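Peer 1: So I've got this file, model.txt, and it contains compact mmCIF, C-alpha atoms:
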# COMPACT_ATOMS: atom_id res chain seq x y z
CA MET A 1 -14.99 4.20 35.11
CA ALA A 2 -12.86 4.75 32.01
CA ALA A 3 -14.45 6.62 29.12
CA THR A 4 -15.61 4.53 26.16
CA ARG A 5 -13.25 4.87 23.21
CA ARG A 6 -14.85 6.53 20.19
CA LYS A 7 -15.25 4.25 17.20
CA ILE A 8 -14.57 5.13 13.56
CA ARG A 9 -17.95 5.81 11.93
CA VAL A 10 -18.45 4.33 8.46
CA LEU A 11 -21.00 5.12 5.76
CA ILE A 12 -21.58 2.33 3.19
CA VAL A 13 -22.84 3.30 -0.29
CA ASP A 14 -23.73 0.30 -2.47
CA ASP A 15 -26.85 -0.58 -4.46
CA SER A 16 -26.72 -4.25 -3.42
CA ALA A 17 -28.62 -4.98 -0.22
CA SER A 18 -26.60 -8.16 0.33
CA VAL A 19 -23.29 -6.29 -0.03
CA ARG A 20 -24.48 -3.58 2.38
CA MET A 21 -25.46 -6.26 4.88
CA THR A 22 -22.19 -8.21 4.56
CA LEU A 23 -20.06 -5.07 4.78
CA SER A 24 -22.03 -3.93 7.81
CA GLU A 25 -21.50 -7.25 9.58
CA ILE A 26 -17.75 -7.16 8.82
CA ILE A 27 -17.26 -3.56 9.93
CA ASP A 28 -19.39 -3.88 13.06
CA SER A 29 -17.40 -6.97 14.08
CA ASP A 30 -14.30 -4.81 14.60
CA PRO A 31 -14.08 -3.12 18.02
CA ASP A 32 -12.64 0.06 16.45
CA LEU A 33 -15.37 0.49 13.82
CA GLU A 34 -19.12 1.01 13.55
CA VAL A 35 -21.51 1.44 10.63
CA MET A 36 -23.08 4.89 10.93
CA ALA A 37 -25.50 4.37 8.03
CA THR A 38 -25.94 2.73 4.64
CA ALA A 39 -27.22 4.10 1.33
CA ALA A 40 -28.30 2.49 -1.94
CA ASP A 41 -27.27 5.45 -4.12
CA PRO A 42 -25.43 8.80 -3.91
CA TYR A 43 -28.60 10.84 -3.36
CA VAL A 44 -29.50 8.83 -0.26
CA ALA A 45 -25.86 9.06 0.83
CA VAL A 46 -25.98 12.86 0.67
CA GLU A 47 -28.99 12.87 3.00
CA ARG A 48 -27.13 10.62 5.44
CA ILE A 49 -24.08 12.93 5.34
CA ARG A 50 -26.29 15.97 6.02
CA GLN A 51 -27.47 14.27 9.20
CA GLU A 52 -24.00 13.18 10.33
CA VAL A 53 -20.60 13.33 8.59
CA PRO A 54 -18.88 9.93 8.63
CA ASP A 55 -15.20 9.38 9.37
CA VAL A 56 -14.95 7.10 6.31
CA MET A 57 -17.17 6.27 3.35
CA PHE A 58 -17.10 2.94 1.49
CA LEU A 59 -18.24 3.64 -2.07
CA ASP A 60 -19.13 1.37 -4.98
CA ILE A 61 -18.36 2.59 -8.51
CA GLU A 62 -21.43 1.25 -10.32
CA LEU A 63 -24.44 2.93 -8.71
CA PRO A 64 -27.93 3.98 -9.86
CA ARG A 65 -28.87 7.64 -10.52
CA MET A 66 -25.22 8.78 -10.30
CA ASP A 67 -22.07 6.72 -10.84
CA GLY A 68 -19.61 6.43 -7.98
CA LEU A 69 -16.78 8.24 -9.76
CA THR A 70 -18.93 11.33 -10.40
CA PHE A 71 -20.14 11.27 -6.79
CA LEU A 72 -16.59 10.93 -5.52
CA ARG A 73 -15.47 13.97 -7.50
CA LYS A 74 -18.39 16.01 -6.16
CA ILE A 75 -17.67 14.95 -2.57
CA MET A 76 -13.96 15.75 -2.83
CA SER A 77 -14.63 19.19 -4.33
CA GLN A 78 -17.39 20.17 -1.91
CA ARG A 79 -16.99 18.29 1.38
CA PRO A 80 -13.92 16.02 1.39
CA ILE A 81 -14.39 12.72 3.26
CA PRO A 82 -11.91 9.81 3.34
CA VAL A 83 -13.30 7.42 0.72
CA VAL A 84 -12.50 3.74 0.20
CA ILE A 85 -13.67 2.36 -3.13
CA CYS A 86 -15.27 -1.06 -2.66
CA SER A 87 -15.53 -2.76 -6.02
CA SER A 88 -16.00 -6.15 -7.62
CA LEU A 89 -12.73 -5.30 -9.44
CA ALA A 90 -13.57 -6.70 -12.83
CA GLU A 91 -10.59 -6.26 -15.17
CA ALA A 92 -12.62 -4.00 -17.45
CA GLY A 93 -13.30 -1.58 -14.61
CA SER A 94 -9.77 -1.32 -13.27
CA GLU A 95 -8.98 1.85 -15.24
CA THR A 96 -11.99 3.52 -13.62
CA LEU A 97 -10.59 2.61 -10.24
CA MET A 98 -7.33 4.31 -11.20
CA GLN A 99 -9.34 7.44 -11.96
CA ALA A 100 -10.98 7.14 -8.55
CA LEU A 101 -7.61 7.17 -6.80
CA GLU A 102 -6.51 10.15 -8.86
CA ALA A 103 -9.78 11.88 -7.88
CA GLY A 104 -8.94 11.53 -4.20
CA ALA A 105 -10.03 8.08 -3.01
CA ILE A 106 -7.75 6.84 -0.23
CA ASP A 107 -7.82 3.13 -1.04
CA VAL A 108 -9.47 0.37 -3.05
CA VAL A 109 -10.74 -2.94 -1.67
CA ALA A 110 -12.51 -5.87 -3.29
CA LYS A 111 -16.09 -6.59 -2.32
CA PRO A 112 -16.17 -9.20 0.45
CA ARG A 113 -15.87 -12.83 -0.55
CA VAL A 114 -17.96 -15.17 1.56
CA ASP A 115 -17.57 -18.44 -0.38
CA THR A 116 -15.11 -19.91 2.16
CA THR A 117 -14.15 -19.13 5.74
CA GLN A 118 -10.60 -18.24 4.67
CA PHE A 119 -11.76 -15.79 1.99
CA LEU A 120 -14.24 -14.19 4.41
CA GLN A 121 -11.52 -13.76 7.03
CA GLU A 122 -9.12 -12.26 4.50
CA SER A 123 -11.84 -9.91 3.23
CA ARG A 124 -12.63 -8.85 6.78
CA MET A 125 -8.99 -8.07 7.52
CA ARG A 126 -8.48 -6.06 4.34
CA ILE A 127 -11.76 -4.12 4.67
CA CYS A 128 -11.30 -3.23 8.35
CA ASP A 129 -7.65 -2.24 7.86
CA ALA A 130 -8.62 -0.02 4.91
CA ALA A 131 -11.29 1.72 7.02
CA LYS A 132 -8.80 2.45 9.79
CA ALA A 133 -6.13 3.69 7.39
CA ALA A 134 -8.61 5.99 5.65
CA ALA A 135 -9.72 7.44 8.98
CA HIS A 136 -6.11 8.40 9.73
CA ALA A 137 -5.38 9.80 6.27
CA LYS A 138 -4.70 13.46 5.53
CA LEU A 139 -7.01 15.12 3.03
CA ARG A 140 -5.65 18.16 1.19
CA GLY A 141 -2.78 18.34 3.64
CA VAL A 142 -5.06 18.59 6.71
CA HIS A 143 -4.94 15.85 9.33
CA LYS A 144 -7.60 15.48 11.99
CA PRO A 145 -7.01 13.28 15.04
CA ALA A 146 -8.45 9.78 14.65
CA PRO A 147 -9.33 7.25 17.35
CA ALA A 148 -6.65 4.96 18.74
CA LEU A 149 -6.64 1.46 17.28
CA THR A 150 -6.55 -2.04 18.66
CA VAL A 151 -3.27 -3.85 17.89
CA GLU A 152 -3.99 -7.19 16.23
CA ALA A 153 -1.74 -10.22 15.83
CA LYS A 154 0.23 -10.61 12.59
CA LEU A 155 2.74 -12.93 10.98
CA THR A 156 6.30 -11.80 10.20
CA ALA A 157 8.37 -12.44 7.08
CA ASP A 158 9.54 -15.67 8.78
CA ALA A 159 6.36 -17.22 7.35
CA ILE A 160 7.78 -16.86 3.82
CA ILE A 161 11.58 -16.50 4.13
CA PRO A 162 13.65 -17.90 7.03
CA PRO A 163 15.80 -15.25 8.70
CA HIS A 164 19.58 -15.44 8.43
CA SER A 165 21.53 -16.16 11.59
CA GLU A 166 24.05 -13.47 12.55
CA ALA A 167 26.90 -15.70 11.38
CA ARG A 168 25.20 -16.45 8.07
CA ALA A 169 24.41 -12.76 7.51
CA ALA A 170 28.03 -11.78 8.21
CA SER A 171 29.29 -14.46 5.80
CA VAL A 172 26.94 -13.27 3.04
CA ARG A 173 28.03 -9.64 3.50
CA ALA A 174 31.70 -10.58 3.32
CA LYS A 175 31.31 -12.57 0.10
CA GLN A 176 28.76 -10.35 -1.62
CA PRO A 177 29.98 -9.24 -5.08
CA GLN A 178 29.18 -5.77 -6.35
CA THR A 179 26.27 -5.72 -8.78
CA ASP A 180 24.11 -3.13 -10.47
CA PRO A 181 21.99 -1.26 -7.90
CA ILE A 182 18.51 -2.45 -6.97
CA ILE A 183 15.88 -0.04 -5.61
CA CYS A 184 13.21 -1.61 -3.38
CA ILE A 185 10.12 0.53 -2.64
CA GLY A 186 7.30 -0.27 -0.23
CA ALA A 187 4.05 1.72 0.08
CA SER A 188 0.45 1.41 1.21
CA THR A 189 -2.30 3.99 1.85
CA GLY A 190 -1.62 7.02 -0.34
CA GLY A 191 1.11 5.14 -2.14
CA THR A 192 -0.40 5.04 -5.62
CA GLU A 193 -0.07 8.78 -6.08
CA ALA A 194 3.25 8.87 -4.20
CA LEU A 195 4.70 6.23 -6.52
CA ARG A 196 3.44 8.09 -9.56
CA GLU A 197 5.23 11.25 -8.39
CA VAL A 198 8.48 9.36 -7.77
CA LEU A 199 8.53 7.24 -10.92
CA GLU A 200 7.50 10.07 -13.27
CA LYS A 201 10.64 11.98 -12.27
CA LEU A 202 13.06 9.17 -13.05
CA PRO A 203 15.00 9.07 -16.35
CA ALA A 204 14.83 6.10 -18.70
CA ALA A 205 18.26 4.96 -17.51
CA SER A 206 17.22 4.79 -13.85
CA PRO A 207 18.37 1.88 -11.64
CA ALA A 208 16.27 -1.30 -11.52
CA ILE A 209 13.26 -1.00 -9.21
CA ILE A 210 10.98 -3.50 -7.47
CA ILE A 211 7.83 -2.31 -5.71
CA VAL A 212 5.26 -3.59 -3.26
CA GLN A 213 2.15 -1.43 -3.13
CA HIS A 214 -0.71 -2.82 -1.05
CA MET A 215 -3.62 -3.28 -3.42
CA PRO A 216 -5.99 -6.05 -4.53
CA GLU A 217 -5.35 -8.53 -7.32
CA LYS A 218 -6.36 -7.50 -10.85
CA PHE A 219 -5.79 -3.87 -9.92
CA THR A 220 -1.98 -3.97 -9.89
CA GLY A 221 -1.92 -4.70 -13.61
CA ALA A 222 -3.98 -1.59 -14.39
CA PHE A 223 -1.85 0.45 -12.01
CA ALA A 224 1.34 -0.69 -13.73
CA ARG A 225 -0.08 0.04 -17.20
CA ARG A 226 -1.13 3.51 -16.08
CA LEU A 227 2.35 4.29 -14.77
CA ASN A 228 3.99 2.78 -17.84
CA GLY A 229 2.14 5.33 -19.98
CA LEU A 230 3.29 8.22 -17.78
CA CYS A 231 6.92 7.34 -17.06
CA ALA A 232 10.16 7.27 -19.03
CA ILE A 233 11.02 3.90 -17.46
CA GLU A 234 9.15 0.68 -18.19
CA VAL A 235 6.62 -0.22 -15.49
CA LYS A 236 4.95 -3.63 -15.42
CA GLU A 237 3.16 -6.00 -13.09
CA ALA A 238 5.76 -8.54 -12.05
CA GLU A 239 5.58 -12.12 -13.30
CA ASP A 240 7.51 -15.05 -11.89
CA GLY A 241 11.03 -15.07 -13.30
CA ASP A 242 10.99 -11.46 -14.57
CA VAL A 243 14.47 -9.97 -14.92
CA VAL A 244 15.22 -7.02 -12.65
CA GLN A 245 17.06 -4.54 -14.84
CA ALA A 246 17.89 -0.86 -15.25
CA GLY A 247 15.11 1.25 -16.71
CA ARG A 248 12.39 -1.10 -15.44
CA ALA A 249 10.10 -1.10 -12.39
CA LEU A 250 8.32 -4.32 -11.39
CA ILE A 251 5.19 -4.06 -9.22
CA ALA A 252 4.22 -7.08 -7.11
CA PRO A 253 0.88 -8.55 -8.23
CA GLY A 254 -1.99 -8.18 -5.79
CA ASN A 255 -2.59 -11.14 -3.47
CA GLN A 256 0.92 -12.63 -3.99
CA HIS A 257 4.30 -12.02 -2.40
CA MET A 258 7.34 -10.95 -4.42
CA VAL A 259 10.85 -12.17 -3.56
CA LEU A 260 14.14 -10.93 -5.03
CA HIS A 261 16.45 -13.70 -6.30
CA ARG A 262 20.07 -13.45 -7.45
CA ALA A 263 22.14 -15.76 -9.65
CA GLY A 264 25.66 -14.37 -9.93
CA SER A 265 25.25 -10.70 -10.82
CA ARG A 266 21.79 -11.19 -12.31
CA TYR A 267 18.57 -10.51 -10.39
CA THR A 268 15.08 -11.86 -11.01
CA VAL A 269 11.86 -11.92 -8.98
CA ASN A 270 9.89 -14.92 -7.77
CA ILE A 271 6.14 -14.57 -7.27
CA VAL A 272 5.05 -16.81 -4.41
CA ASP A 273 1.93 -17.72 -2.50
CA GLY A 274 1.73 -17.84 1.28
CA PRO A 275 -0.08 -16.32 4.25
CA HIS A 276 -0.50 -12.62 4.87
CA VAL A 277 2.63 -11.09 6.42
CA SER A 278 2.22 -7.98 8.57
CA ARG A 279 -1.45 -8.35 7.55
CA HIS A 280 -0.65 -7.94 3.85
CA ARG A 281 -0.14 -9.98 0.71
CA PRO A 282 2.03 -8.80 -1.00
CA SER A 283 4.10 -7.74 1.99
CA VAL A 284 6.83 -5.11 1.98
CA ASP A 285 8.62 -6.99 4.77
CA VAL A 286 8.93 -10.08 2.55
CA MET A 287 10.41 -8.11 -0.34
CA PHE A 288 12.78 -6.15 1.92
CA ARG A 289 14.01 -9.30 3.68
CA SER A 290 14.75 -11.00 0.38
CA ALA A 291 16.69 -7.91 -0.74
CA SER A 292 18.66 -7.81 2.50
CA GLN A 293 19.71 -11.44 2.01
CA VAL A 294 20.61 -11.44 -1.68
CA ALA A 295 21.49 -7.82 -2.50
CA GLY A 296 22.70 -6.22 0.73
CA ARG A 297 24.95 -3.24 0.01
CA ASN A 298 23.86 -3.36 -3.65
CA ALA A 299 20.33 -2.35 -2.66
CA MET A 300 18.47 0.77 -1.56
CA GLY A 301 15.29 0.49 0.52
CA VAL A 302 12.57 3.13 0.35
CA ILE A 303 9.49 3.15 2.60
CA LEU A 304 6.66 5.48 1.66
CA THR A 305 3.27 6.50 3.06
CA GLY A 306 1.06 3.81 4.58
CA MET A 307 -0.82 2.57 7.62
CA GLY A 308 0.64 0.00 10.00
CA ASP A 309 4.19 -1.33 10.21
CA ASP A 310 4.68 -3.51 7.13
CA GLY A 311 8.21 -2.91 5.88
CA ALA A 312 9.64 -1.46 9.11
CA ARG A 313 11.35 -4.72 10.18
CA GLY A 314 12.48 -5.46 6.65
CA LEU A 315 13.96 -2.01 6.14
CA LEU A 316 15.96 -2.44 9.34
CA GLU A 317 17.25 -5.79 8.04
CA MET A 318 18.26 -4.08 4.81
CA ARG A 319 20.16 -1.38 6.68
CA GLN A 320 21.90 -3.99 8.83
CA ALA A 321 22.88 -5.84 5.64
CA GLY A 322 24.58 -2.72 4.26
CA SER A 323 21.76 -1.28 2.17
CA TYR A 324 21.11 2.46 1.98
CA THR A 325 17.65 3.16 3.43
CA ILE A 326 15.31 6.15 3.40
CA ALA A 327 11.83 6.91 4.74
CA GLN A 328 9.29 9.47 3.59
CA ASP A 329 8.81 12.35 6.03
CA GLU A 330 5.61 12.97 8.02
CA GLU A 331 4.64 16.20 6.28
CA SER A 332 4.41 14.63 2.81
CA CYS A 333 2.75 11.33 3.89
CA VAL A 334 -0.97 10.69 3.49
CA VAL A 335 -0.60 8.32 6.46
CA PHE A 336 2.58 8.49 8.54
CA GLY A 337 2.41 4.90 9.76
CA MET A 338 4.90 2.66 7.97
CA PRO A 339 7.64 5.33 7.71
CA LYS A 340 7.14 6.30 11.36
CA GLU A 341 7.57 2.70 12.50
CA ALA A 342 10.70 2.33 10.38
CA ILE A 343 12.18 5.57 11.72
CA GLN A 344 11.45 4.60 15.32
CA ARG A 345 13.25 1.26 14.81
CA GLY A 346 16.34 3.02 13.43
CA ALA A 347 15.74 1.49 9.99
CA ALA A 348 16.04 4.70 7.97
CA ALA A 349 19.46 6.23 7.33
CA LYS A 350 17.73 9.35 6.02
CA ILE A 351 14.25 10.95 6.17
CA VAL A 352 13.19 12.86 3.08
CA PRO A 353 10.09 14.60 1.67
CA LEU A 354 8.35 12.86 -1.19
CA HIS A 355 9.57 15.34 -3.80
CA ARG A 356 13.18 14.38 -2.97
CA VAL A 357 12.82 10.60 -3.25
CA ALA A 358 13.48 10.40 -7.00
CA ALA A 359 16.66 12.45 -6.62
CA GLU A 360 17.83 10.11 -3.83
CA ILE A 361 17.29 7.14 -6.15
CA GLU A 362 19.24 8.77 -8.98
CA THR A 363 22.09 9.71 -6.65
CA TYR A 364 22.27 6.21 -5.21
CA GLY A 365 22.34 4.73 -8.70
CA ARG A 366 25.55 6.66 -9.41
CA ALA A 367 27.21 6.07 -6.02
CA PRO A 368 29.61 3.24 -5.01
CA ARG A 369 27.86 0.32 -3.29
CA THR A 370 28.91 1.05 0.29
CA GLY A 371 25.54 1.16 2.06
CA ALA A 372 26.36 4.63 3.35
CA ALA A 373 24.35 7.68 2.37
CA PRO A 374 25.42 8.74 -1.14
Represent the structure contained in this file as structure tokens.

Peer 2:
Amino acid sequence: MAATRRKIRVLIVDDSASVRMTLSEIIDSDPDLEVMATAADPYVAVERIRQEVPDVMFLDIELPRMDGLTFLRKIMSQRPIPVVICSSLAEAGSETLMQALEAGAIDVVAKPRVDTTQFLQESRMRICDAAKAAAHAKLRGVHKPAPALTVEAKLTADAIIPPHSEARAASVRAKQPQTDPIICIGASTGGTEALREVLEKLPAASPAIIIVQHMPEKFTGAFARRLNGLCAIEVKEAEDGDVVQAGRALIAPGNQHMVLHRAGSRYTVNIVDGPHVSRHRPSVDVMFRSASQVAGRNAMGVILTGMGDDGARGLLEMRQAGSYTIAQDEESCVVFGMPKEAIQRGAAAKIVPLHRVAAEIETYGRAPRTGAAP
């Protein structure tokens, strides 16, 4: 008889009994996950951890006796555990969530919505995927083996943007005028800090950038504002019709897809609704496909740390359309999932450590639009 596969053990810390119960039902419904224990406050959580160390901890920010941010900082300094912040994500608290990511939290998810079947299903998918990604994340550069995962069905970018036929793609490439360069960056787990490192290094005159970072709605605005205060370039949450221009980075809003659009030599973004693609909304694959179709050799694709394969197909389409493409290397990734998938598909022309990504962007911005490595 085959040995039973070990599940990822999750500790839930939330003062709401109903939230603990709903989260437990969602997590236990996944064949790769199990709830190890629950706790109503950090002091109870510490006792649970003394009995058994979880693979992942889901942590609320607003807790009795000790707030979640203080507890997170103590955990990360004394006994690091992969932590997913599970929050109601009120706009006023979004800056605190940014501090939580900077303190070492792996990801942020919204508390489960149970008002409709669709919202419950979407919450389940996001929560379970975040737990699995956190279990596979490196903490302080140390990676411990995590259980194998069940592969679940997912939609492709076809659900949002029809693919070009080979003839159509060849025709577009032949007629494509040279434009200013566009940098397209996709990231997921560990990406908030990776993006900060990349964008902080760029000069004010950097090429135009569009970004998909997997995160919930309401949080992307705070993330963009935080980066805007740290970087020489302008960083903002994308709005429908925003102009893509040098010295500006547009971040796709949570829970909506972002599509690159071109009129002549001018680029804008469209913010669109639609189903989850590669289990995400926004999806990197959607953004990359749109760039492959309208920008081609005028674009550079960058895929950073993250769980799963969102962006791998799209990056390959970009490379086939003449774009220059790079992937973050394994050593510098928090989770070597998305870049690994892209590399295995032959989508990346070059593999680079995180500290070299900004230099690659600057070099590409000065190079002729050939699609070859600058």

Peer 1: Could you produce a table of the residues of stretch 93-113 of chain A lying within 10 Å of stretch 12-21 of chain A, with the nearest pair of atoms per residue and their separation in Å rounded to one decimal, using only C-alpha atoms, ordered by chain and increasing residue number, as a Markdown table?

Peer 2:
| residue | atom | partner | partner_atom | distance |
| --- | --- | --- | --- | --- |
| A:Lys111 | CA | A:Val19 | CA | 7.6 |
| A:Pro112 | CA | A:Val19 | CA | 7.7 |
| A:Arg113 | CA | A:Val19 | CA | 9.9 |

Peer 1: Restricting the calculation to only C-alpha atoms: of A:Lys236, A:Phe223, A:Leu230, A:Ser87, which residue gets closest to A:Glu197?

Peer 2: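 Of A:Lys236, A:Phe223, A:Leu230, A:Ser87, the one nearest A:Glu197 is A:Leu230, counting only C-alpha atoms.
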
Peer 1: Pick out the closest residue to A:Thr192 from this set: A:Ala204, A:Lys132, A:Arg266, A:Gln99. Count only C-alpha atoms.

Peer 2: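 Under the stated criterion, the closest residue is A:Gln99.
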
Peer 1: For A:Ile210, find every residue with an atom within 10 Å (counting only C-alpha atoms), except residues of its own chain fewer than 5 positions away, and show them as a ChimeraX atom specification.

Peer 2: /A:182-186,235-238,244-245,248-252,258-260,268-269,287-288,291,301

Peer 1: Nearest to A:Arg297: which of A:Thr189, A:Ser77, A:Gln176, A:Gln121 is it, counting all atoms listed in the file?

Peer 2: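 The closest residue to A:Arg297 is A:Gln176.
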
Peer 1: Which is closer to A:Lys154 than all the others in A:His355, A:His276, A:Arg6, A:Arg281, using all atoms listed in the file?

Peer 2: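 Of all the options, A:His276 lies closest to A:Lys154.
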
Peer 1: Determine the nearest neighbour of A:Ala103 from the options A:Lys74, A:Arg79, A:Arg65, A:Arg5, counting only C-alpha atoms.

Peer 2: A:Lys74

Peer 1: If we count all atoms listed in the file, what is near stretch 292-295 of chain A at a cut-off of 7 Å, once residues fewer than 6 positions away on the same chain are taken out, given as a PDB file with C-alpha atoms, in the coordinates of the input?

Peer 2:
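The resulting file, out.pdb, is reproduced below:
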ATOM      1  CA  HIS A 261      16.450 -13.700  -6.300  1.00  0.00           C
ATOM      2  CA  ARG A 262      20.070 -13.450  -7.450  1.00  0.00           C
ATOM      3  CA  GLU A 317      17.250  -5.790   8.040  1.00  0.00           C
ATOM      4  CA  MET A 318      18.260  -4.080   4.810  1.00  0.00           C
ATOM      5  CA  ALA A 321      22.880  -5.840   5.640  1.00  0.00           C
TER       6      ALA A 321
END

Peer 1: I'd like the contact shell of A:Val284 - 9 Å cut-off, only C-alpha atoms, skipping same-chain residues fewer than 2 positions apart - returned as a ChimeraX atom specification.

Peer 2: /A:185-187,211-214,257-258,277-278,280-282,286-289,303,310-312,314-315

Peer 1: Taking (9.4, -19.2, 5.0) in the file's coordinates, which residues come within 12 Å, counting only C-alpha atoms, written as a VMD selection string?

Peer 2: chain A and resid 155 to 164 257 259 272 to 277 286 289 to 290

Peer 1: To one decimal in Å, tell me the separation between atom CA of A:Gly104 and atom CA of A:Gln344.

Peer 2: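 Going from atom CA of A:Gly104 over to atom CA of A:Gln344 covers 29.1 Å.
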
Peer 1: Using only C-alpha atoms for the distances, tell me which of A:Ala194, A:Ile361, A:Val243, A:Met125 is nearest to A:Tyr267.

Peer 2: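 Using only C-alpha atoms, the shortest distance to A:Tyr267 belongs to A:Val243.
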